[in-house]
Every structure is written in structure tokens, then in C-alpha cells.
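Visitor: Take a look at target_19.cif, mmCIF, C-alpha atoms:
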data_final
loop_
_atom_site.label_atom_id
_atom_site.label_comp_id
_atom_site.auth_asym_id
_atom_site.auth_seq_id
_atom_site.Cartn_x
_atom_site.Cartn_y
_atom_site.Cartn_z
CA MET E 1 227.56 71.96 224.36
CA SER E 2 230.61 72.39 226.61
CA GLU E 3 232.67 75.51 226.29
CA GLU E 4 235.81 73.46 225.83
CA GLN E 5 234.29 71.63 222.89
CA GLN E 6 233.11 74.90 221.35
CA ASP E 7 236.65 76.31 221.68
CA LEU E 8 238.10 73.26 219.96
CA ILE E 9 235.62 73.53 217.07
CA GLU E 10 236.49 77.21 216.66
CA LEU E 11 240.16 76.29 216.68
CA SER E 12 239.44 73.75 213.94
CA ASP E 13 237.77 76.55 211.91
CA PHE E 14 241.01 78.51 212.23
CA TYR E 15 243.11 75.53 211.13
CA ILE E 16 240.82 74.83 208.16
CA LEU E 17 240.96 78.48 207.07
CA SER E 18 244.78 78.31 207.35
CA GLN E 19 244.75 75.15 205.16
CA ARG E 20 246.23 73.15 208.07
CA TYR E 21 243.78 70.30 207.71
CA GLU E 22 245.70 67.61 209.61
CA GLU E 23 245.82 69.88 212.67
CA ALA E 24 242.09 70.59 212.31
CA ILE E 25 241.43 66.82 212.39
CA LYS E 26 243.56 66.44 215.55
CA VAL E 27 241.62 69.07 217.52
CA LEU E 28 238.29 67.74 216.25
CA LYS E 29 239.21 64.26 217.48
CA ARG E 30 239.87 65.84 220.89
CA ALA E 31 236.49 67.60 220.71
CA GLU E 32 234.82 64.28 219.86
CA LYS E 33 236.07 62.80 223.14
CA ILE E 34 234.07 65.43 225.04
CA SER E 35 230.79 64.71 223.24
CA LYS E 36 229.63 63.04 220.03
CA ALA E 37 226.41 65.07 219.83
CA ASN E 38 227.60 68.09 217.83
CA PRO E 39 226.82 68.16 214.08
CA ARG E 40 229.25 71.09 213.49
CA LEU E 41 232.09 68.95 214.81
CA TYR E 42 231.41 66.26 212.21
CA TYR E 43 230.82 68.83 209.47
CA ASN E 44 234.25 70.38 210.11
CA LEU E 45 235.78 66.91 210.22
CA GLY E 46 234.17 66.19 206.84
CA ILE E 47 235.51 69.44 205.40
CA ALA E 48 239.05 68.73 206.63
CA TYR E 49 239.01 65.15 205.31
CA GLU E 50 237.53 66.24 202.00
CA ALA E 51 240.22 68.92 201.64
CA LEU E 52 242.82 66.17 202.10
CA ASN E 53 241.00 63.97 199.56
CA GLU E 54 240.30 61.38 202.25
CA VAL E 55 236.97 60.69 200.62
CA SER E 56 235.60 57.77 202.66
CA GLU E 57 236.38 59.49 206.00
CA ALA E 58 234.80 62.70 204.67
CA ARG E 59 231.66 60.82 203.60
CA GLU E 60 231.35 59.15 207.00
CA SER E 61 231.77 62.47 208.82
CA PHE E 62 229.10 64.24 206.75
CA ARG E 63 226.77 61.28 207.36
CA LEU E 64 227.28 61.63 211.12
CA ALA E 65 226.60 65.39 210.92
CA LEU E 66 223.35 64.66 209.06
CA LYS E 67 222.34 61.98 211.54
CA LEU E 68 222.56 64.60 214.29
CA ASN E 69 220.92 67.32 212.18
CA PRO E 70 219.01 66.01 209.14
CA ASP E 71 218.43 69.62 207.95
CA PHE E 72 222.15 70.42 207.75
CA ALA E 73 222.11 71.68 204.14
CA SER E 74 225.88 72.23 203.68
CA ALA E 75 226.64 68.74 205.00
CA GLN E 76 224.07 67.29 202.59
CA GLU E 77 225.60 69.22 199.65
CA HIS E 78 229.08 67.91 200.41
CA LEU E 79 227.83 64.35 200.90
CA ASP E 80 225.91 64.44 197.60
CA LYS E 81 229.01 65.68 195.79
CA LEU E 82 231.18 62.94 197.29
CA ILE E 83 228.73 60.16 196.50
CA GLY E 84 228.31 61.36 192.93
CA GLU E 85 232.02 61.78 192.26
CA MET O 86 230.60 78.06 166.77
CA LYS O 87 230.58 74.27 166.48
CA GLN O 88 227.22 72.69 165.79
CA PHE O 89 226.26 69.26 167.05
CA ALA O 90 223.41 66.93 166.23
CA VAL O 91 222.44 64.04 168.46
CA ILE O 92 220.43 61.20 166.94
CA GLY O 93 218.70 58.98 169.51
CA LEU O 94 217.60 60.57 172.78
CA GLY O 95 217.80 57.68 175.20
CA ARG O 96 219.81 58.03 178.39
CA PHE O 97 223.18 58.51 176.68
CA GLY O 98 221.95 60.67 173.80
CA SER O 99 219.89 62.99 175.98
CA SER O 100 222.74 63.33 178.50
CA ILE O 101 225.28 64.30 175.84
CA ALA O 102 222.82 66.71 174.18
CA ARG O 103 222.17 68.34 177.54
CA ALA O 104 225.88 68.54 178.42
CA LEU O 105 226.81 70.14 175.06
CA SER O 106 223.95 72.58 175.38
CA GLU O 107 225.10 73.58 178.87
CA MET O 108 228.48 74.37 177.26
CA ASN O 109 226.57 76.81 175.04
CA PHE O 110 226.90 74.83 171.81
CA GLU O 111 224.09 74.71 169.32
CA VAL O 112 222.56 71.26 169.56
CA LEU O 113 219.96 69.63 167.33
CA ALA O 114 218.31 66.69 169.09
CA ILE O 115 216.57 64.02 166.98
CA ASP O 116 214.45 60.99 167.82
CA LYS O 117 211.41 59.32 166.33
CA ASP O 118 209.81 59.08 169.78
CA GLU O 119 207.85 62.29 170.34
CA SER O 120 207.91 62.07 174.14
CA LEU O 121 211.75 61.90 174.15
CA VAL O 122 211.90 64.91 171.81
CA ASN O 123 209.42 66.87 173.92
CA ALA O 124 211.58 66.26 176.98
CA MET O 125 214.44 68.10 175.22
CA GLU O 126 212.38 71.18 174.34
CA GLY O 127 213.94 74.21 175.95
CA VAL O 128 217.04 72.22 176.85
CA VAL O 129 218.67 72.23 173.39
CA SER O 130 218.46 74.80 170.57
CA GLN O 131 216.26 72.55 168.43
CA ALA O 132 214.51 69.22 168.98
CA VAL O 133 212.91 67.34 166.07
CA VAL O 134 210.73 64.23 165.74
CA LEU O 135 212.20 62.33 162.81
CA ASP O 136 213.02 58.78 161.72
CA ALA O 137 216.77 59.12 161.15
CA THR O 138 216.97 55.84 159.22
CA ASP O 139 215.18 57.70 156.43
CA ALA O 140 218.05 59.33 154.48
CA LYS O 141 215.71 61.78 152.73
CA SER O 142 214.55 63.28 156.04
CA LEU O 143 218.13 63.72 157.17
CA ILE O 144 219.03 65.49 153.91
CA GLU O 145 216.00 67.79 154.19
CA LEU O 146 217.02 68.61 157.73
CA GLY O 147 220.41 69.81 156.43
CA ILE O 148 222.33 67.36 158.60
CA LYS O 149 225.48 67.68 156.48
CA GLU O 150 225.95 71.23 157.77
CA PHE O 151 226.71 69.88 161.25
CA ASP O 152 230.34 69.53 162.33
CA THR O 153 229.72 66.51 164.50
CA VAL O 154 226.83 64.08 164.65
CA ILE O 155 226.49 61.71 167.58
CA VAL O 156 224.52 58.54 166.89
CA SER O 157 223.13 56.89 170.00
CA MET O 158 220.55 54.31 168.90
CA GLY O 159 220.40 51.86 171.78
CA GLU O 160 220.24 48.16 170.98
CA THR O 161 219.44 48.40 167.28
CA ILE O 162 222.75 48.00 165.47
CA GLU O 163 221.05 47.96 162.06
CA ASP O 164 219.76 51.50 162.60
CA SER O 165 223.18 52.72 163.75
CA ILE O 166 224.80 51.21 160.64
CA MET O 167 222.25 52.76 158.27
CA ILE O 168 222.49 56.19 159.85
CA THR O 169 226.30 56.16 160.02
CA LEU O 170 226.51 55.18 156.35
CA THR O 171 224.10 57.94 155.34
CA LEU O 172 225.89 60.58 157.38
CA LYS O 173 229.29 59.71 155.92
CA GLU O 174 227.90 59.61 152.39
CA LEU O 175 226.42 63.06 152.96
CA GLY O 176 229.87 64.28 154.00
CA VAL O 177 229.42 64.89 157.74
CA LYS O 178 232.94 65.52 159.01
CA GLN O 179 232.77 63.70 162.29
CA VAL O 180 230.36 60.89 163.13
CA ILE O 181 230.56 59.49 166.65
CA VAL O 182 228.59 56.32 167.28
CA LYS O 183 227.64 54.56 170.48
CA ALA O 184 228.31 50.84 170.25
CA GLN O 185 227.12 48.03 172.50
CA ASN O 186 230.06 45.65 172.13
CA ASP O 187 233.26 44.93 170.19
CA LEU O 188 231.46 43.38 167.23
CA HIS O 189 229.23 46.43 166.83
CA SER O 190 232.29 48.60 167.18
CA ARG O 191 234.15 46.78 164.36
CA ILE O 192 231.16 46.97 162.03
CA LEU O 193 230.58 50.66 162.72
CA LYS O 194 234.23 51.43 162.00
CA LYS O 195 233.95 49.60 158.67
CA VAL O 196 230.98 51.72 157.61
CA GLY O 197 232.91 54.91 158.32
CA ALA O 198 232.32 55.95 161.96
CA ASP O 199 235.04 58.39 162.96
CA ARG O 200 234.85 57.52 166.60
CA ILE O 201 233.18 54.75 168.56
CA THR O 202 232.17 55.05 172.16
CA LEU O 203 231.32 52.20 174.50
CA PRO O 204 230.07 54.30 177.43
CA GLU O 205 229.30 51.51 179.88
CA ARG O 206 232.66 49.85 179.38
CA GLU O 207 234.54 53.16 179.50
CA MET O 208 232.75 54.13 182.71
CA ALA O 209 233.37 50.71 184.26
CA GLU O 210 237.07 50.89 183.41
CA LYS O 211 237.32 54.34 184.95
CA LEU O 212 235.54 53.21 188.09
CA ALA O 213 237.81 50.13 188.34
CA GLN O 214 240.87 52.35 187.94
CA GLY O 215 239.57 54.64 190.69
CA LEU O 216 238.95 51.69 193.00
CA ALA O 217 242.41 50.25 192.32
CA SER O 218 244.18 53.58 192.97
CA PRO O 219 241.98 55.87 195.07
CA LYS O 220 244.56 58.66 194.90
CA ILE O 221 244.44 58.76 191.10
CA PHE O 222 241.43 60.74 189.90
CA ASP O 223 241.96 60.59 186.19
CA PHE O 224 244.34 59.48 183.48
CA ILE O 225 244.36 60.69 179.92
CA GLU O 226 246.44 58.91 177.34
CA VAL O 227 248.25 61.51 175.23
CA SER O 228 250.12 58.96 173.12
CA GLU O 229 251.16 55.34 173.52
CA THR O 230 254.04 56.42 175.72
CA HIS O 231 252.82 59.61 177.40
CA GLY O 232 249.89 60.55 179.57
CA ILE O 233 248.38 63.16 181.83
CA VAL O 234 247.50 62.07 185.34
CA GLU O 235 245.43 63.81 187.97
CA MET O 236 246.62 62.61 191.36
CA VAL O 237 246.56 63.55 195.01
CA LEU O 238 249.81 65.18 196.13
CA PRO O 239 251.89 62.51 197.89
CA LYS O 240 252.23 63.43 201.60
CA LYS O 241 256.01 63.77 201.42
CA PHE O 242 255.65 66.41 198.70
CA ALA O 243 253.55 68.75 200.87
CA ASN O 244 254.65 72.25 201.89
CA LYS O 245 257.49 72.44 199.37
CA THR O 246 257.98 74.70 196.38
CA LEU O 247 257.93 73.07 192.97
CA SER O 248 261.61 74.00 192.58
CA GLU O 249 262.39 72.09 195.77
CA LEU O 250 260.46 69.06 194.55
CA LYS O 251 262.50 68.92 191.31
CA LEU O 252 259.87 66.69 189.69
CA ARG O 253 261.26 67.34 186.24
CA ASP O 254 264.82 66.37 187.21
CA LYS O 255 263.91 63.40 189.39
CA TYR O 256 260.91 61.96 187.59
CA GLN O 257 260.88 63.68 184.16
CA VAL O 258 257.30 64.88 184.63
CA SER O 259 255.90 68.40 184.30
CA VAL O 260 253.30 69.89 186.63
CA ILE O 261 250.78 71.47 184.26
CA ALA O 262 248.29 72.51 186.93
CA ILE O 263 247.50 72.30 190.63
CA LYS O 264 243.94 71.96 191.89
CA ARG O 265 243.57 73.40 195.36
CA LYS O 266 240.74 73.76 197.82
CA LEU O 267 240.44 77.33 199.00
CA PRO O 268 238.78 77.59 202.43
CA TYR O 269 236.55 80.50 203.36
CA SER O 270 234.26 81.51 206.18
CA LYS O 271 230.52 81.49 205.50
CA PRO O 272 228.18 84.19 206.86
CA ASP O 273 226.88 81.75 209.51
CA GLY O 274 230.44 81.33 210.81
CA SER O 275 230.98 77.84 209.42
CA THR O 276 233.79 77.04 207.00
CA ASP O 277 233.60 75.71 203.48
CA PHE O 278 235.87 75.67 200.46
CA LYS O 279 235.85 76.27 196.76
CA GLU O 280 238.28 74.86 194.26
CA GLU O 281 240.86 76.93 192.42
CA VAL O 282 243.09 75.73 189.61
CA ILE O 283 246.59 77.09 189.28
CA ILE O 284 247.47 76.67 185.61
CA GLY O 285 251.14 76.39 184.68
CA PRO O 286 252.46 76.84 188.23
CA GLY O 287 255.94 78.29 188.64
CA GLY O 288 258.93 77.04 190.62
CA ALA O 289 258.11 79.35 193.52
CA ASP O 290 254.59 77.94 193.96
CA GLU O 291 254.29 75.96 197.17
CA THR O 292 252.26 72.78 197.57
CA ILE O 293 249.72 72.21 200.35
CA SER O 294 248.40 68.93 201.77
CA GLY O 295 245.31 67.94 199.83
CA ASP O 296 246.47 69.51 196.55
CA VAL O 297 245.76 67.57 193.39
CA LEU O 298 248.56 67.62 190.82
CA ILE O 299 248.02 67.36 187.10
CA LEU O 300 251.17 65.91 185.64
CA LEU O 301 252.33 65.26 182.11
CA GLY O 302 255.00 62.70 181.45
CA ARG O 303 256.00 59.29 180.19
CA ASN O 304 253.72 56.56 181.51
CA GLU O 305 256.58 54.73 183.25
CA ASP O 306 257.68 57.94 185.02
CA ILE O 307 254.10 58.70 186.07
CA ASP O 308 253.86 55.15 187.46
CA LYS O 309 256.89 55.83 189.67
CA ILE O 310 255.19 58.87 191.21
CA LYS O 311 251.90 56.98 191.62
CA LYS O 312 253.73 54.52 193.89
CA LEU O 313 255.00 57.23 196.27
#
Now that the file is in, can you turn its structure into C-alpha cells?

Guide:
Amino acid sequence: MSEEQQDLIELSDFYILSQRYEEAIKVLKRAEKISKANPRLYYNLGIAYEALNEVSEARESFRLALKLNPDFASAQEHLDKLIGE
Amino acid sequence: MKQFAVIGLGRFGSSIARALSEMNFEVLAIDKDESLVNAMEGVVSQAVVLDATDAKSLIELGIKEFDTVIVSMGETIEDSIMITLTLKELGVKQVIVKAQNDLHSRILKKVGADRITLPEREMAEKLAQGLASPKIFDFIEVSETHGIVEMVLPKKFANKTLSELKLRDKYQVSVIAIKRKLPYSKPDGSTDFKEEVIIGPGGADETISGDVLILLGRNEDIDKIKKL
């Protein structure tokens, strides 16, 4: 994983914790351009979309996180909740 | 504490018995099928194998002491009618009956059911409503003219105090609660959130993108906000 991508994901953590979800999505989209192989990136994207009630985008993001890491328990929990809602 | 009895432990009956039990109510679960009753052992306070169409058995069970009895008999309308009649004659205060269709519903009302539920139709209507307006999570009719709606905060309302939004002046609706996702950092460094509910928010409370508002108002005023 590139350092730049890691920095962007950490920045997205900061934005999510500050409840600035739109900004989190922006930096995660930038991180996605570097590489699409990071499950944490898609997990954070799912969290930010879910917080904004953008349910279908959140679902898709958690699915991508699980595709990259099928054992990603938190991503699975969120996906199950969204499908059952 | 309120006591409930559920007659008929198919999918609907067992689900409602389980849900009430999880809310810590005393629940008596009844069915003539022993395997269905056994499946409820340990889930509800009491589970009994009994043919509820037999009035004498219901009397011996002391069914009239229950505040609410839910009758969920599947396809057999005759059984639902018989049981509803018996329960009302015994003086059970509230009898709620699952119906299959409008005709069943009309008959059950005539024999004294206090409330009819058509779960499949109600669920389908809710799902259709959700598909038609994805930003509306729920709507509860308070009266013919008023309702409570649970809706995603419109984007243009974000980051403003409730006083600034002036929803009461502009749209004649009251914000009775705000549901908000509260982010936190997990021990592994990842982020997650839990939901908090701000009941009766004040004018100084500020909205955040992603909030869900619970509004009370006239249906036509709520419709105006839904379109924002």
C-alpha cells in the first residue's frame, strides 16, 4: 500500500470522526485513484455513505471491501444491517 | 406488567411472541402442533400444546386474564373466527387477529376482533413506500390529517440550528427527535458509528449531514418538506 494512500485513508478517518462525511468521501475517491486493492478504503467509504444515508452506495462499498477481504467482520456486519433494513 | 397470549405459532405468531418476549413481556404461546410449541420453549415465559378451537381448554388455561391475545392461525379462517368469538365472549379486552385478505378481515371484525392485521400487505405497502421515496424511512398516521414522518435531513438544512431552520414557522411541523450517527474510533484504529437519538431537540441544536429527522405535522405540510 502506498504511503500517500495510507495518509488519505487516515485523513478520511479524521473526517468521519468529525462527522464531515462528504469530505471523507472526497479524499477516499482520491485514494481509490492510487489503488483499488485496499479493503479499509472501501470500508471507510461504506461508513461515510451509510452515515449520509446513501444506502445503495454504502452497500456497494462494503461489498467491495468484502471482496478484497472476505473475513472483514465489521464490513460484513454493516452490509448485513443494510440488506436487512 | 401487560400479559400477552399468542395463538398459532407459525412464522408470524412465533415472530411476534419472540419480539414481545425480548421486550420483557410475559408471553403465553399456544399451538396444537407440539414441534412448534417445543421451538418456543425457553423463548417465551410459557408455551402450551393446546387446540385453541376448543373453548373449554381456553377457559381452563385462564385466557381471559390476558390483556391482549393475538390470533395467528394461517389459512384456516374458520379457526380464527371460532377463536375470536370465544375470546370476546370470555371478555378478553383486546383481540388482534391476522387476516389473509379483505373478506377475512371484514368477517373477523364482525365477530368482534379489536384489531386486524394483514402483515404481508402492510409489509409490501411499507416496502413500496420506501422504494418510492428512499429518503423517507417511516410514516405513522396520527390522525386523518396529521402524521409523524422519519426522513433524511434535506441537504440544504444541514449545519444549521433548528432556530435558523424555522421549520415551525415555514412548514408548521415540529421536530420531535433527531437520529444521529455518532462516529468513534475502534481499538484496531478503524472507525465505526453508533446511533444516538436526541429527543425533543431545542432551538440551539445544530443539524449535521446524514441526520434523520422525526417530524410531526399536517400531512400536506410534511409532503412539502418531503419534496425538498

Visitor: Considering all atoms listed in the file, can you say which of E:Ser12, E:Gln19, E:Ser56, E:Asn44 comes closest to Ala75 in chain E?

Guide: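 Closest to Ala75 in chain E, using all atoms listed in the file: E:Asn44.
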
Visitor: Do me a favour and pick out the residues of chain O within 9 Å of chain E, using all atoms listed in the file, as a PyMOL selection string.

Guide: chain O and resi 219-220+237+265-270+274-278+293-297

Visitor: Once the PyMOL selection byres ((chain O and resi 168) around 12) has been evaluated on this model, what residues remain selected, and can you format them as a PyMOL selection string?

Guide: chain O and resi 91-93+136-144+148+154-158+161-167+169-175+177+180-183+193+196-198

Visitor: Go ahead and compute the interatomic distance for CA of Phe62 in chain E and CA of Ala37 in chain E, in Å to one decimal.

Guide: 13.4 Å

Visitor: Please put the answer as AutoDock Vina command-line options: centre and edge lengths, in Å with one decimal, of a box along x, y and z that encloses all listed atoms of range 15-27 of chain E plus 3 Å on each side.

Guide:
--center_x 243.5 --center_y 72.5 --center_z 211.3 --size_x 11.4 --size_y 18.0 --size_z 18.4

Visitor: Suppose you want the space between CA of Val122 in chain O and CA of Asn186 in chain O; what is it in Å?

Guide: 26.5 Å

Visitor: Skipping near chain neighbours, those fewer than 5 positions away, what residues fall within 12 Å of Leu313 in chain O using all atoms listed in the file, listed as a list in words?

Guide: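 Counting only the stated atoms, we get Ser218, Lys220, Ile221, Met236, Val237, Leu238, Pro239, Lys240, Lys241, Phe242, Tyr256, Asp306, Ile307 and Asp308 of chain O.
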
Visitor: Rank E:Ile34, E:Leu82, E:Glu60, E:Ala24 by their smallest atom-to-atom distance to Gln6 in chain E, using only C-alpha atoms, and report the top residue only.

Guide: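 For Gln6 in chain E, the nearest of the given residues is E:Ile34.
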
Visitor: Here is a test: counting all atoms listed in the file, which residue of E:Pro39, E:Ile25, E:Glu77, E:Asn69 is nearest to Glu57 in chain E?

Guide: E:Ile25

Visitor: What is the CA of Leu105 in chain O to CA of Gln76 in chain E distance in Å?

Guide: 27.8 Å

Visitor: Report as a list in words the residues that result from applying the PyMOL selection byres ((chain E and resi 36) around 12) to the structure here.

Guide: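 When the PyMOL selection byres ((chain E and resi 36) around 12) is applied, the selected residues are Met1, Ser2, Gln5, Leu28, Lys29, Arg30, Ala31, Glu32, Lys33, Ile34, Ser35, Ala37, Asn38, Pro39, Arg40, Leu41, Tyr42, Ser61, Leu64, Ala65, Lys67 and Leu68 of chain E.
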
Visitor: List the residues matched by the PyMOL selection byres ((chain O and resi 248) around 12) in the displayed structure as a VMD selection string, ordered by chain and then by residue number.

Guide: chain O and resid 242 244 to 247 249 to 255 259 to 260 286 to 292

Visitor: At a cut-off of 12 Å, using only C-alpha atoms, what residues contact Gly127 in chain O? Leave out same-chain residues fewer than 4 positions from it and give the result as JSON, numbers by chain.

Guide: {"O": [102, 103, 106, 107, 112, 113, 114, 122, 123, 131, 132]}
